[in-house]
>>> print(open('structure_35.txt').read())   # compact mmCIF, C-alpha atoms
# COMPACT_ATOMS: atom_id res chain seq x y z
CA MET L 1 -25.80 -10.87 15.55
CA THR L 2 -28.17 -12.77 17.85
CA VAL L 3 -31.84 -11.84 17.34
CA ALA L 4 -34.49 -11.75 20.07
CA ASN L 5 -37.41 -12.69 17.82
CA PRO L 6 -37.20 -16.27 16.43
CA LYS L 7 -38.94 -15.04 13.27
CA GLU L 8 -35.91 -12.87 12.54
CA VAL L 9 -33.48 -15.80 12.42
CA PRO L 10 -31.86 -15.77 8.94
CA GLU L 11 -32.92 -18.42 6.43
CA TYR L 12 -29.33 -19.54 6.07
CA GLU L 13 -29.00 -20.29 9.81
CA LEU L 14 -27.66 -23.79 10.51
CA ASN L 15 -28.06 -25.85 13.64
CA PRO L 16 -24.54 -26.16 15.12
CA LEU L 17 -25.46 -29.61 16.46
CA GLU L 18 -25.64 -30.80 12.83
CA LEU L 19 -21.97 -29.88 12.31
CA GLN L 20 -19.28 -32.38 13.19
CA ILE L 21 -16.00 -30.46 13.17
CA ARG L 22 -12.54 -31.97 13.05
CA LYS L 23 -9.15 -30.37 12.78
CA VAL L 24 -7.92 -29.34 9.35
CA ASP L 25 -5.84 -31.88 7.45
CA GLY L 26 -3.88 -29.60 5.14
CA ILE L 27 -6.54 -28.68 2.61
CA THR L 28 -7.19 -25.35 4.30
CA LYS L 29 -5.55 -23.48 7.08
CA GLY L 30 -5.99 -20.79 9.69
CA THR L 31 -9.58 -20.44 10.86
CA TYR L 32 -10.92 -22.89 8.25
CA GLN L 33 -11.68 -26.46 9.25
CA VAL L 34 -13.13 -29.50 7.59
CA ALA L 35 -16.46 -30.63 8.99
CA LYS L 36 -19.43 -32.84 8.23
CA TRP L 37 -22.88 -31.34 7.91
CA ASN L 38 -25.67 -33.93 7.78
CA GLY L 39 -23.10 -36.43 6.47
CA THR L 40 -21.66 -34.11 3.79
CA LYS L 41 -18.11 -32.75 3.99
CA VAL L 42 -18.03 -28.97 4.21
CA SER L 43 -15.51 -26.22 4.94
CA VAL L 44 -16.14 -24.18 8.07
CA LYS L 45 -14.71 -20.80 9.01
CA ILE L 46 -14.96 -20.28 12.76
CA LEU L 47 -14.80 -16.84 14.31
CA ASP L 48 -11.91 -16.91 16.76
CA LYS L 49 -13.04 -16.88 20.40
CA ASP L 50 -10.89 -13.83 21.13
CA SER L 51 -12.73 -11.87 18.43
CA TYR L 52 -16.12 -11.63 20.15
CA SER L 53 -14.99 -8.66 22.24
CA ASP L 54 -13.58 -6.89 19.17
CA PRO L 55 -16.22 -4.90 17.23
CA GLU L 56 -13.95 -4.71 14.18
CA SER L 57 -13.68 -8.51 13.99
CA ILE L 58 -17.44 -8.89 14.36
CA ASN L 59 -18.05 -6.33 11.61
CA ALA L 60 -15.55 -8.08 9.34
CA PHE L 61 -17.34 -11.39 9.94
CA LYS L 62 -20.71 -9.77 9.10
CA HIS L 63 -19.23 -8.18 5.98
CA GLU L 64 -17.85 -11.48 4.70
CA LEU L 65 -21.12 -13.25 5.46
CA ILE L 66 -23.23 -10.65 3.63
CA LEU L 67 -21.07 -10.93 0.50
CA PHE L 68 -20.83 -14.70 0.63
CA GLU L 69 -24.57 -15.14 1.04
CA LYS L 70 -25.47 -13.31 -2.16
CA VAL L 71 -23.04 -14.93 -4.62
CA ARG L 72 -24.05 -17.86 -6.82
CA HIS L 73 -21.81 -18.92 -9.70
CA PRO L 74 -20.20 -22.19 -10.90
CA ASN L 75 -16.72 -20.64 -10.59
CA VAL L 76 -17.19 -19.16 -7.12
CA VAL L 77 -17.08 -21.23 -3.93
CA GLN L 78 -20.64 -22.01 -2.83
CA PHE L 79 -22.05 -20.64 0.41
CA ILE L 80 -24.03 -23.24 2.35
CA GLY L 81 -25.07 -21.48 5.53
CA ALA L 82 -23.89 -19.95 8.79
CA VAL L 83 -24.18 -20.14 12.54
CA THR L 84 -24.91 -16.68 13.93
CA GLN L 85 -27.27 -17.35 16.82
CA ASN L 86 -24.81 -19.47 18.78
CA ILE L 87 -21.15 -19.30 19.77
CA PRO L 88 -18.86 -20.00 18.05
CA MET L 89 -20.20 -18.23 14.98
CA MET L 90 -19.33 -19.93 11.70
CA ILE L 91 -19.53 -19.58 7.94
CA VAL L 92 -20.06 -22.88 6.11
CA SER L 93 -19.14 -23.40 2.46
CA GLU L 94 -18.59 -26.27 0.06
CA TYR L 95 -15.50 -28.42 0.62
CA HIS L 96 -12.94 -29.15 -2.10
CA PRO L 97 -10.64 -32.09 -1.31
CA LYS L 98 -8.57 -31.50 -4.46
CA GLY L 99 -6.94 -28.50 -2.77
CA ASP L 100 -5.92 -25.19 -4.32
CA LEU L 101 -4.28 -24.04 -7.55
CA GLY L 102 -1.04 -23.13 -5.77
CA SER L 103 -0.55 -26.68 -4.51
CA TYR L 104 -1.56 -28.04 -7.93
CA ILE L 105 1.13 -25.99 -9.72
CA GLN L 106 3.70 -26.83 -7.07
CA LYS L 107 3.01 -30.53 -7.63
CA ASN L 108 2.63 -30.54 -11.42
CA GLY L 109 4.84 -27.65 -12.54
CA ARG L 110 4.17 -25.74 -15.74
CA LEU L 111 0.70 -26.40 -17.13
CA SER L 112 0.03 -27.28 -20.74
CA PRO L 113 -1.37 -24.37 -22.81
CA SER L 114 -4.82 -25.93 -23.03
CA LYS L 115 -5.01 -26.58 -19.30
CA ALA L 116 -3.72 -23.10 -18.45
CA LEU L 117 -6.33 -21.55 -20.74
CA ARG L 118 -9.17 -23.62 -19.33
CA PHE L 119 -8.13 -22.77 -15.79
CA ALA L 120 -7.73 -19.10 -16.74
CA LEU L 121 -11.27 -19.04 -18.14
CA ASP L 122 -12.64 -20.55 -14.93
CA ILE L 123 -10.95 -17.85 -12.85
CA ALA L 124 -11.96 -15.04 -15.23
CA ARG L 125 -15.61 -16.14 -15.27
CA GLY L 126 -15.75 -16.28 -11.49
CA MET L 127 -14.07 -12.89 -11.16
CA ASN L 128 -16.27 -11.32 -13.83
CA TYR L 129 -19.32 -12.44 -11.87
CA LEU L 130 -17.98 -10.89 -8.66
CA HIS L 131 -17.12 -7.64 -10.44
CA GLU L 132 -20.59 -7.44 -11.99
CA CYS L 133 -22.44 -7.93 -8.68
CA LYS L 134 -25.04 -5.27 -7.89
CA PRO L 135 -25.35 -2.73 -6.39
CA ASP L 136 -21.57 -2.74 -5.86
CA PRO L 137 -18.88 -4.88 -7.45
CA ILE L 138 -17.06 -7.33 -5.18
CA ILE L 139 -13.37 -6.50 -5.49
CA HIS L 140 -11.37 -9.50 -4.31
CA CYS L 141 -8.09 -7.73 -3.37
CA ASP L 142 -6.49 -11.07 -2.43
CA LEU L 143 -6.71 -13.13 -5.61
CA LYS L 144 -3.92 -15.71 -5.53
CA PRO L 145 -3.47 -19.44 -6.30
CA LYS L 146 -4.16 -20.39 -2.67
CA ASN L 147 -7.57 -18.74 -2.96
CA ILE L 148 -8.53 -20.69 -6.08
CA LEU L 149 -9.86 -24.17 -5.35
CA LEU L 150 -10.31 -27.26 -7.54
CA ASP L 151 -13.55 -29.21 -7.36
CA ASN L 152 -13.96 -32.92 -8.06
CA GLY L 153 -14.81 -32.19 -11.70
CA GLY L 154 -11.57 -30.30 -12.30
CA GLN L 155 -13.23 -26.90 -12.35
CA LEU L 156 -11.70 -23.93 -10.53
CA LYS L 157 -13.63 -21.87 -8.00
CA VAL L 158 -12.66 -18.48 -6.60
CA ALA L 159 -12.57 -18.27 -2.80
CA GLY L 160 -11.25 -15.90 -0.13
CA PHE L 161 -13.09 -12.76 -1.25
CA GLY L 162 -14.75 -10.32 1.13
CA LEU L 163 -11.96 -10.51 3.72
CA LEU L 164 -11.05 -6.82 3.38
CA ARG L 165 -13.53 -4.07 4.11
CA LEU L 166 -13.43 -1.35 1.47
CA SER L 167 -14.45 2.29 1.74
CA LYS L 168 -15.65 4.28 -1.26
CA LEU L 169 -14.03 7.57 -2.07
CA PRO L 170 -16.60 10.38 -1.83
CA THR L 171 -15.20 11.98 -5.00
CA ASP L 172 -14.99 8.80 -7.11
CA SER L 173 -17.56 6.01 -6.70
CA ASP L 174 -15.46 3.53 -8.71
CA ARG L 175 -12.40 3.77 -6.47
CA VAL L 176 -12.02 2.51 -2.93
CA THR L 177 -9.54 2.26 -0.10
CA VAL L 178 -8.96 -0.51 2.43
CA SER L 179 -10.48 0.27 5.81
CA GLY L 180 -9.84 -1.34 9.17
CA ALA L 181 -7.39 -3.96 7.92
CA ASN L 182 -3.68 -4.47 7.58
CA ILE L 183 -2.34 -5.32 4.13
CA ASP L 184 -0.16 -8.39 3.88
CA MET L 185 2.99 -7.09 2.21
CA SER L 186 4.25 -10.65 1.75
CA ASN L 187 1.45 -11.33 -0.76
CA LEU L 188 3.34 -11.23 -4.05
CA TYR L 189 0.08 -11.06 -6.05
CA ILE L 190 -0.92 -7.73 -4.51
CA ALA L 191 -1.33 -4.80 -6.90
CA PRO L 192 1.01 -1.80 -6.57
CA GLU L 193 -1.87 0.54 -5.65
CA ILE L 194 -2.83 -1.57 -2.63
CA TYR L 195 0.82 -2.11 -1.67
CA LYS L 196 1.39 1.64 -1.61
CA GLY L 197 -1.80 2.38 0.31
CA GLU L 198 -3.38 4.26 -2.60
CA ALA L 199 -6.98 4.31 -3.75
CA PHE L 200 -7.80 1.60 -6.28
CA ASP L 201 -10.54 0.03 -8.37
CA ARG L 202 -11.43 -3.46 -9.59
CA SER L 203 -8.40 -3.53 -11.91
CA VAL L 204 -6.28 -4.68 -8.94
CA ASP L 205 -7.78 -8.14 -9.47
CA ALA L 206 -6.74 -8.13 -13.14
CA TYR L 207 -3.17 -7.43 -11.99
CA SER L 208 -3.26 -10.46 -9.69
CA PHE L 209 -4.80 -12.55 -12.46
CA GLY L 210 -1.91 -11.69 -14.77
CA LEU L 211 0.61 -12.98 -12.24
CA ILE L 212 -1.42 -16.16 -11.72
CA LEU L 213 -1.59 -16.77 -15.46
CA PHE L 214 2.18 -16.23 -15.66
CA GLU L 215 2.68 -18.79 -12.89
CA MET L 216 0.51 -21.35 -14.69
CA ILE L 217 2.55 -21.19 -17.93
CA GLU L 218 5.94 -20.88 -16.19
CA GLY L 219 5.35 -23.37 -13.38
CA VAL L 220 6.99 -21.16 -10.73
CA GLN L 221 6.07 -18.06 -8.76
CA PRO L 222 7.15 -14.66 -10.14
CA PHE L 223 10.83 -13.93 -9.44
CA ASN L 224 11.37 -17.38 -7.95
CA PRO L 225 13.45 -18.15 -5.84
CA LYS L 226 13.23 -14.69 -4.25
CA SER L 227 11.01 -14.44 -1.17
CA PRO L 228 7.41 -13.23 -1.66
CA GLU L 229 8.26 -10.05 0.28
CA GLU L 230 11.18 -9.28 -2.02
CA ALA L 231 9.21 -10.13 -5.15
CA SER L 232 6.38 -7.81 -4.05
CA ARG L 233 8.81 -4.97 -3.43
CA ILE L 234 10.47 -5.44 -6.83
CA MET L 235 7.15 -5.40 -8.67
CA CYS L 236 5.29 -2.77 -6.67
CA LEU L 237 8.04 -0.28 -5.91
CA GLU L 238 10.55 -0.83 -8.72
CA GLY L 239 7.92 -1.53 -11.38
CA LYS L 240 9.69 -4.64 -12.66
CA ARG L 241 7.93 -7.75 -13.96
CA PRO L 242 9.17 -11.37 -14.01
CA PRO L 243 10.83 -12.54 -17.25
CA PHE L 244 9.20 -15.21 -19.40
CA LYS L 245 11.56 -18.18 -19.36
CA SER L 246 9.44 -20.76 -21.16
CA LYS L 247 10.10 -20.95 -24.89
CA SER L 248 7.74 -18.64 -26.76
CA ARG L 249 6.58 -21.48 -28.97
CA SER L 250 5.32 -23.40 -25.93
CA TYR L 251 2.39 -21.02 -25.42
CA PRO L 252 0.28 -18.78 -27.69
CA PRO L 253 1.89 -15.34 -28.24
CA ASP L 254 -1.44 -13.62 -27.55
CA LEU L 255 -1.31 -15.07 -24.05
CA LYS L 256 1.89 -13.21 -23.22
CA GLU L 257 0.35 -10.01 -24.51
CA LEU L 258 -2.71 -10.51 -22.29
CA ILE L 259 -0.54 -11.16 -19.22
CA GLU L 260 1.48 -8.01 -19.84
CA GLU L 261 -1.68 -5.93 -20.14
CA CYS L 262 -3.13 -7.41 -16.94
CA TRP L 263 -0.07 -6.59 -14.84
CA ASP L 264 0.53 -3.18 -16.40
CA GLU L 265 1.52 -0.53 -13.89
CA LYS L 266 -1.27 1.74 -15.16
CA PRO L 267 -4.67 0.44 -13.95
CA VAL L 268 -6.41 1.96 -16.97
CA VAL L 269 -4.47 -0.36 -19.30
CA ARG L 270 -5.59 -3.53 -17.54
CA PRO L 271 -8.55 -5.27 -19.21
CA THR L 272 -11.82 -5.99 -17.41
CA PHE L 273 -12.62 -9.64 -16.82
CA SER L 274 -15.38 -9.53 -19.43
CA GLU L 275 -12.68 -8.45 -21.90
CA VAL L 276 -10.33 -11.14 -20.56
CA ILE L 277 -12.95 -13.81 -21.25
CA VAL L 278 -13.39 -12.62 -24.85
CA ARG L 279 -9.62 -12.59 -25.36
CA LEU L 280 -9.15 -16.08 -23.88
CA ASP L 281 -12.01 -17.51 -25.93
CA ARG L 282 -10.40 -16.06 -29.05
CA ILE L 283 -7.01 -17.54 -28.13
CA VAL L 284 -8.59 -20.96 -27.57
CA ALA L 285 -10.42 -20.81 -30.90
CA ASN L 286 -7.29 -19.73 -32.80
CA CYS L 287 -5.12 -22.39 -31.20
CA SER L 288 -7.66 -25.12 -31.93
CA LYS L 289 -8.03 -23.95 -35.52
CA GLN L 290 -4.28 -23.86 -36.07
CA GLY L 291 -3.65 -27.21 -34.38
CA TRP L 292 -1.51 -25.52 -31.76
CA TRP L 293 -1.73 -28.43 -29.33
CA LYS L 294 -2.77 -32.05 -29.34
CA ASP L 295 -4.42 -32.05 -25.93
CA THR L 296 -6.98 -29.32 -26.63
CA PHE L 297 -9.92 -31.56 -25.80
CA LYS L 298 -8.38 -33.41 -22.89
CA LEU L 299 -10.00 -32.83 -19.53
CA PRO L 300 -7.85 -30.31 -17.61
CA TRP L 301 -7.56 -32.38 -14.42
CA LYS L 302 -6.00 -35.42 -16.09
>>> encode(input="structure_35.txt", output="C-alpha cells")
Amino acid sequence: MTVANPKEVPEYELNPLELQIRKVDGITKGTYQVAKWNGTKVSVKILDKDSYSDPESINAFKHELILFEKVRHPNVVQFIGAVTQNIPMMIVSEYHPKGDLGSYIQKNGRLSPSKALRFALDIARGMNYLHECKPDPIIHCDLKPKNILLDNGGQLKVAGFGLLRLSKLPTDSDRVTVSGANIDMSNLYIAPEIYKGEAFDRSVDAYSFGLILFEMIEGVQPFNPKSPEEASRIMCLEGKRPPFKSKSRSYPPDLKELIEECWDEKPVVRPTFSEVIVRLDRIVANCSKQGWWKDTFKLPWK
C-alpha cells in the first residue's frame, strides 16, 4: 500500500511516531490494542507481522480499511486514521473503555425492558446505516454482543464489520457469498445460510440481531449452558430456537414477536433494519403510553 509519490499519501494517514501503543488490558483482544494518539486513548488494529507476505491478508486489511474509512454514524465505531506507509500497518479507531455489550450482559444479567429497547434501537440504527451505504450495503456477517461497544455516554456502537470479504453472485446482485475466509462455526449468532455455506443477503444481520435482543431480555446466551458450537448446530442445522424463560409480563409482547421474525429460518420473513426501527419506536411509544415500566426515562447506563 506504500505510494512512491508523497502527494498520493492518503488524507487519513497518521504518523506512527504519534502513536504510543501498550498491550491490551482486557477491553479488546486479538490484534487490537489500546494506544494513545496525541494524548487521546484510541483502539489500534495492527496487521500481524506474518501477514505481510500473504496477499490475502493484505487484501483483507485494505478491504476493512476502505469500508471503515467511509462510515460516519453515531452508532458505528468511529474511524480515526491509519498507518499504511510504514510497517506495521494499523487501523486506528475510537476507544471505548466501557467495554462491549457481551461483558455488560454478563455482569448485569437481564436488562430492563426500557434499557433493552434503547440498546436495541442503537444497534438497529447503526446497522440500518451500514445496510444503506452506497453503492453497496455493508453486510456485517459477524454481529454479536462482543462487536457492540458502549461509549462513555451509554450509547452503543457497532464494530467489527468488514472483516469478511464478500463476493456478489452474478445472477443476483442482492446476494453474496463469503470469499477467501473461514467461517467461525463457534459463533452462535451466525445465520443458518452462512453456517451452511449458502449464498445470503443482508437479512443475516437481522437474524443475529434477533439473538442479541433475546439475550438482552433473558440475560443469558441462547441455549445456555450449551457450548456456542452446540448452540449454533442446534439453531442452524436443526432449526430450533431458544425458549423464552422470562415471564411474558416482564417484556412487551410485541418484542417477542419481533425477535421471532428476526431469527426466522426464511430470510424473506426477517425485517429490514429500517422496519426494525419503526417497530421498536412503536413498542417504546406504546409502553410509555400504557405505563408499562417506571424506568422509561432513566438513562440506560445507570
>>> atom_distance(input="structure_35.txt", atom1="CA of Lys144 (chain L)", atom2="CA of Ser51 (chain L)")
25.8 Å
>>> atom_distance(input="structure_35.txt", atom1="CA of Asp100 (chain L)", atom2="CA of Lys146 (chain L)")
5.4 Å
>>> closest_atom_pairs(input="structure_35.txt", of="region 75-118 of chain L", to="region 250-274 of chain L", cutoff="10 Å", atoms="only C-alpha atoms", output="JSON lines")
{"residue": "L:Ser112", "atom": "CA", "partner": "L:Tyr251", "partner_atom": "CA", "distance": 8.2}
{"residue": "L:Pro113", "atom": "CA", "partner": "L:Tyr251", "partner_atom": "CA", "distance": 5.7}
{"residue": "L:Ser114", "atom": "CA", "partner": "L:Tyr251", "partner_atom": "CA", "distance": 9.0}
{"residue": "L:Ala116", "atom": "CA", "partner": "L:Tyr251", "partner_atom": "CA", "distance": 9.5}
{"residue": "L:Leu117", "atom": "CA", "partner": "L:Leu255", "partner_atom": "CA", "distance": 8.8}
>>> write_last_selection(input="structure_35.txt", atoms="C-alpha atoms", output="PDB file, in the frame of the given file")
ATOM      1  CA  SER L 112       0.030 -27.280 -20.740  1.00  0.00           C
ATOM      2  CA  PRO L 113      -1.370 -24.370 -22.810  1.00  0.00           C
ATOM      3  CA  SER L 114      -4.820 -25.930 -23.030  1.00  0.00           C
ATOM      4  CA  ALA L 116      -3.720 -23.100 -18.450  1.00  0.00           C
ATOM      5  CA  LEU L 117      -6.330 -21.550 -20.740  1.00  0.00           C
TER       6      LEU L 117
END
>>> atom_distance(input="structure_35.txt", atom1="CA of Leu111 (chain L)", atom2="CA of Leu213 (chain L)")
10.0 Å
>>> residues_near_point(input="structure_35.txt", point="(-26.9, -32.4, 15.8)", cutoff="12 Å", atoms="only C-alpha atoms", output="PyMOL selection string")
chain L and resi 14-21+36-39
>>> closest_residue(input="structure_35.txt", among="L:Gln85, L:Leu101, L:Leu67, L:Gly109", to="Pro135 (chain L)", atoms="all atoms listed in the file")
L:Leu67
>>> closest_residue(input="structure_35.txt", among="L:Val220, L:Met185, L:Val278, L:Val9", to="Asn86 (chain L)", atoms="all atoms listed in the file")
L:Val9
>>> axis_aligned_box(input="structure_35.txt", around="region 182-192 of chain L", padding_each_side="3 Å", output="lines of an AutoDock Vina configuration file")
center_x = 0.3
center_y = -6.6
center_z = 0.3
size_x = 13.9
size_y = 15.5
size_z = 20.5
>>> closest_residue(input="structure_35.txt", among="L:Val276, L:Val204, L:Val34, L:Ala82", to="Asn128 (chain L)", atoms="all atoms listed in the file")
L:Val276
>>> closest_residue(input="structure_35.txt", among="L:Ala199, L:Leu130, L:Leu65, L:Gly239", to="Phe79 (chain L)", atoms="all atoms listed in the file")
L:Leu65
>>> residues_near_point(input="structure_35.txt", point="(5.6, -23.3, -19.3)", cutoff="6 Å", atoms="all atoms listed in the file", output="PyMOL selection string")
chain L and resi 110+217-219+246
>>> closest_residue(input="structure_35.txt", among="L:Pro97, L:Pro192, L:Gly81, L:Pro137", to="Arg175 (chain L)", atoms="all atoms listed in the file")
L:Pro137
>>> closest_residue(input="structure_35.txt", among="L:Pro10, L:Gly160, L:Pro145, L:Gly154", to="Glu215 (chain L)", atoms="only C-alpha atoms")
L:Pro145
>>> residues_around(input="structure_35.txt", residues="Glu64 (chain L)", least_positions_apart="2", cutoff="12 Å", atoms="all atoms listed in the file", output="VMD selection string")
chain L and resid 45 47 57 to 62 66 to 71 79 82 90 to 92 138 140 159 to 166
>>> residues_around(input="structure_35.txt", residues="Glu94 (chain L)", least_positions_apart="3", cutoff="9 Å", atoms="all atoms listed in the file", output="list in words")
Lys41, Val42, Ser43, Val44, Val77, Gln78, Phe79 and Ile80 of chain L
>>> write_last_selection(input="structure_35.txt", atoms="C-alpha atoms", output="PDB file, in the frame of the given file")
ATOM      1  CA  LYS L  41     -18.110 -32.750   3.990  1.00  0.00           C
ATOM      2  CA  VAL L  42     -18.030 -28.970   4.210  1.00  0.00           C
ATOM      3  CA  SER L  43     -15.510 -26.220   4.940  1.00  0.00           C
ATOM      4  CA  VAL L  44     -16.140 -24.180   8.070  1.00  0.00           C
ATOM      5  CA  VAL L  77     -17.080 -21.230  -3.930  1.00  0.00           C
ATOM      6  CA  GLN L  78     -20.640 -22.010  -2.830  1.00  0.00           C
ATOM      7  CA  PHE L  79     -22.050 -20.640   0.410  1.00  0.00           C
ATOM      8  CA  ILE L  80     -24.030 -23.240   2.350  1.00  0.00           C
TER       9      ILE L  80
END
>>> decode(input="structure_35.txt", residues="region 57-87 of chain L", atoms="C-alpha atoms", output="PDB file, in the first residue's frame")
ATOM      1  CA  SER L  57      -4.194 -10.835   4.457  1.00  0.00           C
ATOM      2  CA  ILE L  58      -3.084  -7.605   2.784  1.00  0.00           C
ATOM      3  CA  ASN L  59      -6.247  -7.527   0.664  1.00  0.00           C
ATOM      4  CA  ALA L  60      -8.401  -8.181   3.737  1.00  0.00           C
ATOM      5  CA  PHE L  61      -6.680  -5.291   5.533  1.00  0.00           C
ATOM      6  CA  LYS L  62      -7.304  -2.986   2.544  1.00  0.00           C
ATOM      7  CA  HIS L  63     -10.932  -4.106   2.368  1.00  0.00           C
ATOM      8  CA  GLU L  64     -11.559  -3.369   6.043  1.00  0.00           C
ATOM      9  CA  LEU L  65      -9.820  -0.005   5.749  1.00  0.00           C
ATOM     10  CA  ILE L  66     -11.848   1.051   2.704  1.00  0.00           C
ATOM     11  CA  LEU L  67     -15.127   0.246   4.460  1.00  0.00           C
ATOM     12  CA  PHE L  68     -14.092   1.773   7.766  1.00  0.00           C
ATOM     13  CA  GLU L  69     -12.944   5.000   6.150  1.00  0.00           C
ATOM     14  CA  LYS L  70     -16.298   5.787   4.566  1.00  0.00           C
ATOM     15  CA  VAL L  71     -18.652   5.186   7.506  1.00  0.00           C
ATOM     16  CA  ARG L  72     -19.827   8.014   9.754  1.00  0.00           C
ATOM     17  CA  HIS L  73     -22.686   7.429  12.182  1.00  0.00           C
ATOM     18  CA  PRO L  74     -23.277   7.946  15.942  1.00  0.00           C
ATOM     19  CA  ASN L  75     -23.986   4.219  16.380  1.00  0.00           C
ATOM     20  CA  VAL L  76     -20.975   2.954  14.432  1.00  0.00           C
ATOM     21  CA  VAL L  77     -17.435   2.939  15.822  1.00  0.00           C
ATOM     22  CA  GLN L  78     -15.576   5.987  14.502  1.00  0.00           C
ATOM     23  CA  PHE L  79     -12.589   5.631  12.193  1.00  0.00           C
ATOM     24  CA  ILE L  80      -9.735   7.976  13.121  1.00  0.00           C
ATOM     25  CA  GLY L  81      -6.977   7.135  10.672  1.00  0.00           C
ATOM     26  CA  ALA L  82      -4.471   4.532   9.562  1.00  0.00           C
ATOM     27  CA  VAL L  83      -0.799   3.822   9.081  1.00  0.00           C
ATOM     28  CA  THR L  84      -0.232   2.428   5.591  1.00  0.00           C
ATOM     29  CA  GLN L  85       3.101   3.918   4.566  1.00  0.00           C
ATOM     30  CA  ASN L  86       5.079   2.301   7.371  1.00  0.00           C
ATOM     31  CA  ILE L  87       5.343  -1.120   8.986  1.00  0.00           C
TER      32      ILE L  87
END
